[in-house]
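All remarks here apply to the structure that follows.
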Amino acid sequence: MESAVFILCALVGGFFVFKAFLQQRVLAALISICSKSFNKLTSHYKKELFADLADVKGEVLEVGIGTGANFAYYPDGMEIVGLDPNPFMNPRLKESLAQHPQLKLKRMITGRGEDLKGVVDDESFEAVVATLVLCSVRDKIKFLTEIKRALKPGGRYYFIEHTVDEKSLFLRTIQYLLMTVWYPLFDCSLIEKTWLTIDRAGFSHVNYEKLYLTRSNFPFVRAFIIGYAEK
């Protein structure tokens, strides 16, 4: 009995140590690795999605800028305001900037997209980009409300998000079973119907398509949506 209690305490203690000191570092390394293979799988879609950014006047806000995984698809001369809650992404972000000198990072903010007040002015951007972000956002309505506040009238929010698997009952079951471990470790939900959340967020127009990648970074994450929402 005592040994069982000791093991349980060690596991709980180890989990909190991971959350407090290691999680952000591990996530930064993991995202850096996975984003490269994800770009290979979605390169065509990203080029098509971000083509309109060439017409944007002024700065573009990227929420969850991470390691700069989208830089390869941005038009030359684009000026970016970046936001991310994980400061351990910054060294890899600087490496990405060095590889894409045609882009300009005007400002980098450490913070979350749910609360941009005092950081981003009302109606200050023609475009906001956030890819693979909503899975880790606890208050999605607040997040999308802040995105709308930051956008100028007619501005667009560009997104790519993984979602719950609608096609495969087997994979959907795996996703639900994994959530008990996956979410506490990585702050990432595998079972979101993100398209419904965006549809209901009050944008004037929403345009997206659902993708199903037979190859993916993780075999249980194959369903995605990609598109834009217009204020």
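Starting from 1 in every chain, residues are counted up; chains themselves are A, B, ... following the order of the structure tokens, and ligands are numbered from 1 as listed.
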
Please provide as a list of chain:residue names all residues within 8 Å of A:Leu61, with the sequence filter that same-chain residues fewer than 4 positions apart are discarded (counting only C-alpha atoms).
A:Ile80, A:Val81, A:Gly82, A:Leu83, A:Phe125, A:Ala127, A:Val128, A:Val129

Go ahead and write the selection's residues with C-alpha atoms as a compact mmCIF listing (two decimals), in the first residue's frame.
```
# COMPACT_ATOMS: atom_id res chain seq x y z
CA ILE A 80 4.27 40.87 -39.19
CA VAL A 81 3.20 41.44 -35.61
CA GLY A 82 3.69 38.11 -33.84
CA LEU A 83 2.04 36.80 -30.70
CA PHE A 125 -5.29 44.86 -39.10
CA ALA A 127 -5.51 40.29 -41.88
CA VAL A 128 -5.01 37.99 -38.90
CA VAL A 129 -3.42 34.55 -39.27
```

Contact table stretch 83-165 of chain A vs stretch 220-226 of chain A, cut-off 7 Å, shortest pair per residue, only C-alpha atoms, as JSON lines:
```
{"residue": "A:Phe159", "atom": "CA", "partner": "A:Ile226", "partner_atom": "CA", "distance": 5.7}
{"residue": "A:Ile160", "atom": "CA", "partner": "A:Ile226", "partner_atom": "CA", "distance": 4.4}
{"residue": "A:Glu161", "atom": "CA", "partner": "A:Ile225", "partner_atom": "CA", "distance": 5.4}
{"residue": "A:His162", "atom": "CA", "partner": "A:Phe224", "partner_atom": "CA", "distance": 4.1}
{"residue": "A:Thr163", "atom": "CA", "partner": "A:Phe224", "partner_atom": "CA", "distance": 5.5}
{"residue": "A:Val164", "atom": "CA", "partner": "A:Ala223", "partner_atom": "CA", "distance": 6.6}
{"residue": "A:Asp165", "atom": "CA", "partner": "A:Ala223", "partner_atom": "CA", "distance": 5.5}
```

Selection to disk with N, CA and C atoms, as a PDB file, in the first residue's frame:
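Result saved to part01.pdb:
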```pdb
ATOM      1  N   PHE A 159      -7.146  30.697 -41.296  1.00  0.00           N
ATOM      2  CA  PHE A 159      -6.949  29.621 -40.322  1.00  0.00           C
ATOM      3  C   PHE A 159      -6.720  28.267 -40.987  1.00  0.00           C
ATOM      4  N   ILE A 160      -5.985  27.432 -40.288  1.00  0.00           N
ATOM      5  CA  ILE A 160      -5.877  25.994 -40.544  1.00  0.00           C
ATOM      6  C   ILE A 160      -5.957  25.334 -39.173  1.00  0.00           C
ATOM      7  N   GLU A 161      -6.857  24.388 -39.004  1.00  0.00           N
ATOM      8  CA  GLU A 161      -7.033  23.745 -37.696  1.00  0.00           C
ATOM      9  C   GLU A 161      -7.304  22.251 -37.865  1.00  0.00           C
ATOM     10  N   HIS A 162      -6.752  21.456 -36.958  1.00  0.00           N
ATOM     11  CA  HIS A 162      -7.136  20.041 -36.957  1.00  0.00           C
ATOM     12  C   HIS A 162      -8.418  19.881 -36.141  1.00  0.00           C
ATOM     13  N   THR A 163      -9.206  18.865 -36.471  1.00  0.00           N
ATOM     14  CA  THR A 163     -10.521  18.690 -35.867  1.00  0.00           C
ATOM     15  C   THR A 163     -10.751  17.234 -35.474  1.00  0.00           C
ATOM     16  N   VAL A 164     -11.884  17.007 -34.852  1.00  0.00           N
ATOM     17  CA  VAL A 164     -12.291  15.635 -34.569  1.00  0.00           C
ATOM     18  C   VAL A 164     -12.473  14.890 -35.897  1.00  0.00           C
ATOM     19  N   ASP A 165     -12.187  13.606 -35.895  1.00  0.00           N
ATOM     20  CA  ASP A 165     -12.285  12.807 -37.118  1.00  0.00           C
ATOM     21  C   ASP A 165     -13.736  12.385 -37.345  1.00  0.00           C
TER      22      ASP A 165
END
```

Long-range neighbours of A:Glu146 as a list in words, 8 Å cut-off, only C-alpha atoms, 2 positions minimum in chain:
Gly113, Glu114, Asp115, Leu116, Lys117, Lys142, Phe143, Leu144, Lys148, Arg149 and Ala150 of chain A

With C-alpha atoms kept, could you save the residues just selected as a PDB file, in the first residue's frame?
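out-v2.pdb, freshly written:
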```pdb
ATOM      1  CA  GLY A 113      -5.040  35.441 -28.253  1.00  0.00           C
ATOM      2  CA  GLU A 114      -7.932  35.419 -25.795  1.00  0.00           C
ATOM      3  CA  ASP A 115      -6.912  38.788 -24.401  1.00  0.00           C
ATOM      4  CA  LEU A 116      -5.418  41.273 -26.851  1.00  0.00           C
ATOM      5  CA  LYS A 117      -6.815  44.396 -25.186  1.00  0.00           C
ATOM      6  CA  LYS A 142     -13.451  35.033 -26.539  1.00  0.00           C
ATOM      7  CA  PHE A 143     -10.495  34.290 -28.821  1.00  0.00           C
ATOM      8  CA  LEU A 144     -12.546  34.797 -31.983  1.00  0.00           C
ATOM      9  CA  LYS A 148     -12.817  40.284 -34.869  1.00  0.00           C
ATOM     10  CA  ARG A 149     -12.012  43.305 -32.690  1.00  0.00           C
ATOM     11  CA  ALA A 150      -8.501  43.482 -34.130  1.00  0.00           C
TER      12      ALA A 150
END
```

Considering only C-alpha atoms, can you say which of A:Val63, A:Leu132, A:Ala28, A:Met179 comes closest to A:Gly111?
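Of A:Val63, A:Leu132, A:Ala28, A:Met179, the one nearest A:Gly111 is A:Val63, counting only C-alpha atoms.
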
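If you look at atom CA of A:Gln23 and atom CA of A:Val181, they are 13.6 Å away from each other.
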
Between atom CA of A:Ile198 and atom CA of A:Lys47, what is the distance, to one decimal in Å?
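Between atom CA of A:Ile198 and atom CA of A:Lys47 the gap is 21.8 Å.
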
Can you check which residues of stretch 7-229 of chain A DSSP gives as alpha helix (DSSP H) on the backbone and send them as a ChimeraX atom specification?
/A:7-17,23-50,90-99,140-150,169-186,194-199

Nearest to A:Pro101 among A:Asn39, A:Tyr74, A:Ser189, A:Pro153, with distances taken over only C-alpha atoms: which residue is it?
A:Tyr74

Nearest to A:Ser37 among A:Glu95, A:Met78, A:Arg215, A:Arg112, with distances taken over only C-alpha atoms: which residue is it?
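For A:Ser37, the nearest of the given residues is A:Arg215.
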
I'd like the contact shell of A:Ser96 - 8 Å cut-off, only C-alpha atoms, skipping same-chain residues fewer than 2 positions apart - returned as a list in words.
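Contacts, with the query itself left out: Thr67, Gly68, Ala69, Phe71, Arg92, Leu93, Lys94, Ala98, Gln99 and His100 of chain A.
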
Residue selection dump (C-alpha atoms) as a PDB file, in the first residue's frame:
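Result file part29.pdb:
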```pdb
ATOM      1  CA  THR A  67       8.515  28.876 -34.842  1.00  0.00           C
ATOM      2  CA  GLY A  68       7.512  30.777 -37.982  1.00  0.00           C
ATOM      3  CA  ALA A  69       6.164  27.745 -39.843  1.00  0.00           C
ATOM      4  CA  PHE A  71       6.947  32.231 -43.263  1.00  0.00           C
ATOM      5  CA  ARG A  92      13.554  28.907 -33.485  1.00  0.00           C
ATOM      6  CA  LEU A  93      11.499  31.881 -34.639  1.00  0.00           C
ATOM      7  CA  LYS A  94      14.696  33.892 -35.072  1.00  0.00           C
ATOM      8  CA  ALA A  98      17.032  34.526 -40.802  1.00  0.00           C
ATOM      9  CA  GLN A  99      15.943  32.062 -43.490  1.00  0.00           C
ATOM     10  CA  HIS A 100      13.304  34.495 -44.781  1.00  0.00           C
TER      11      HIS A 100
END
```

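The closest residue to A:Phe186, picked from A:Cys135, A:Leu151, A:Leu213, A:Ile174 and counting only C-alpha atoms, is A:Cys135.
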
Record the distance separating atom CA of A:Lys40 and atom CA of A:Glu62, expressed in Å with one decimal.
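Between atom CA of A:Lys40 and atom CA of A:Glu62 the gap works out to 20.5 Å.
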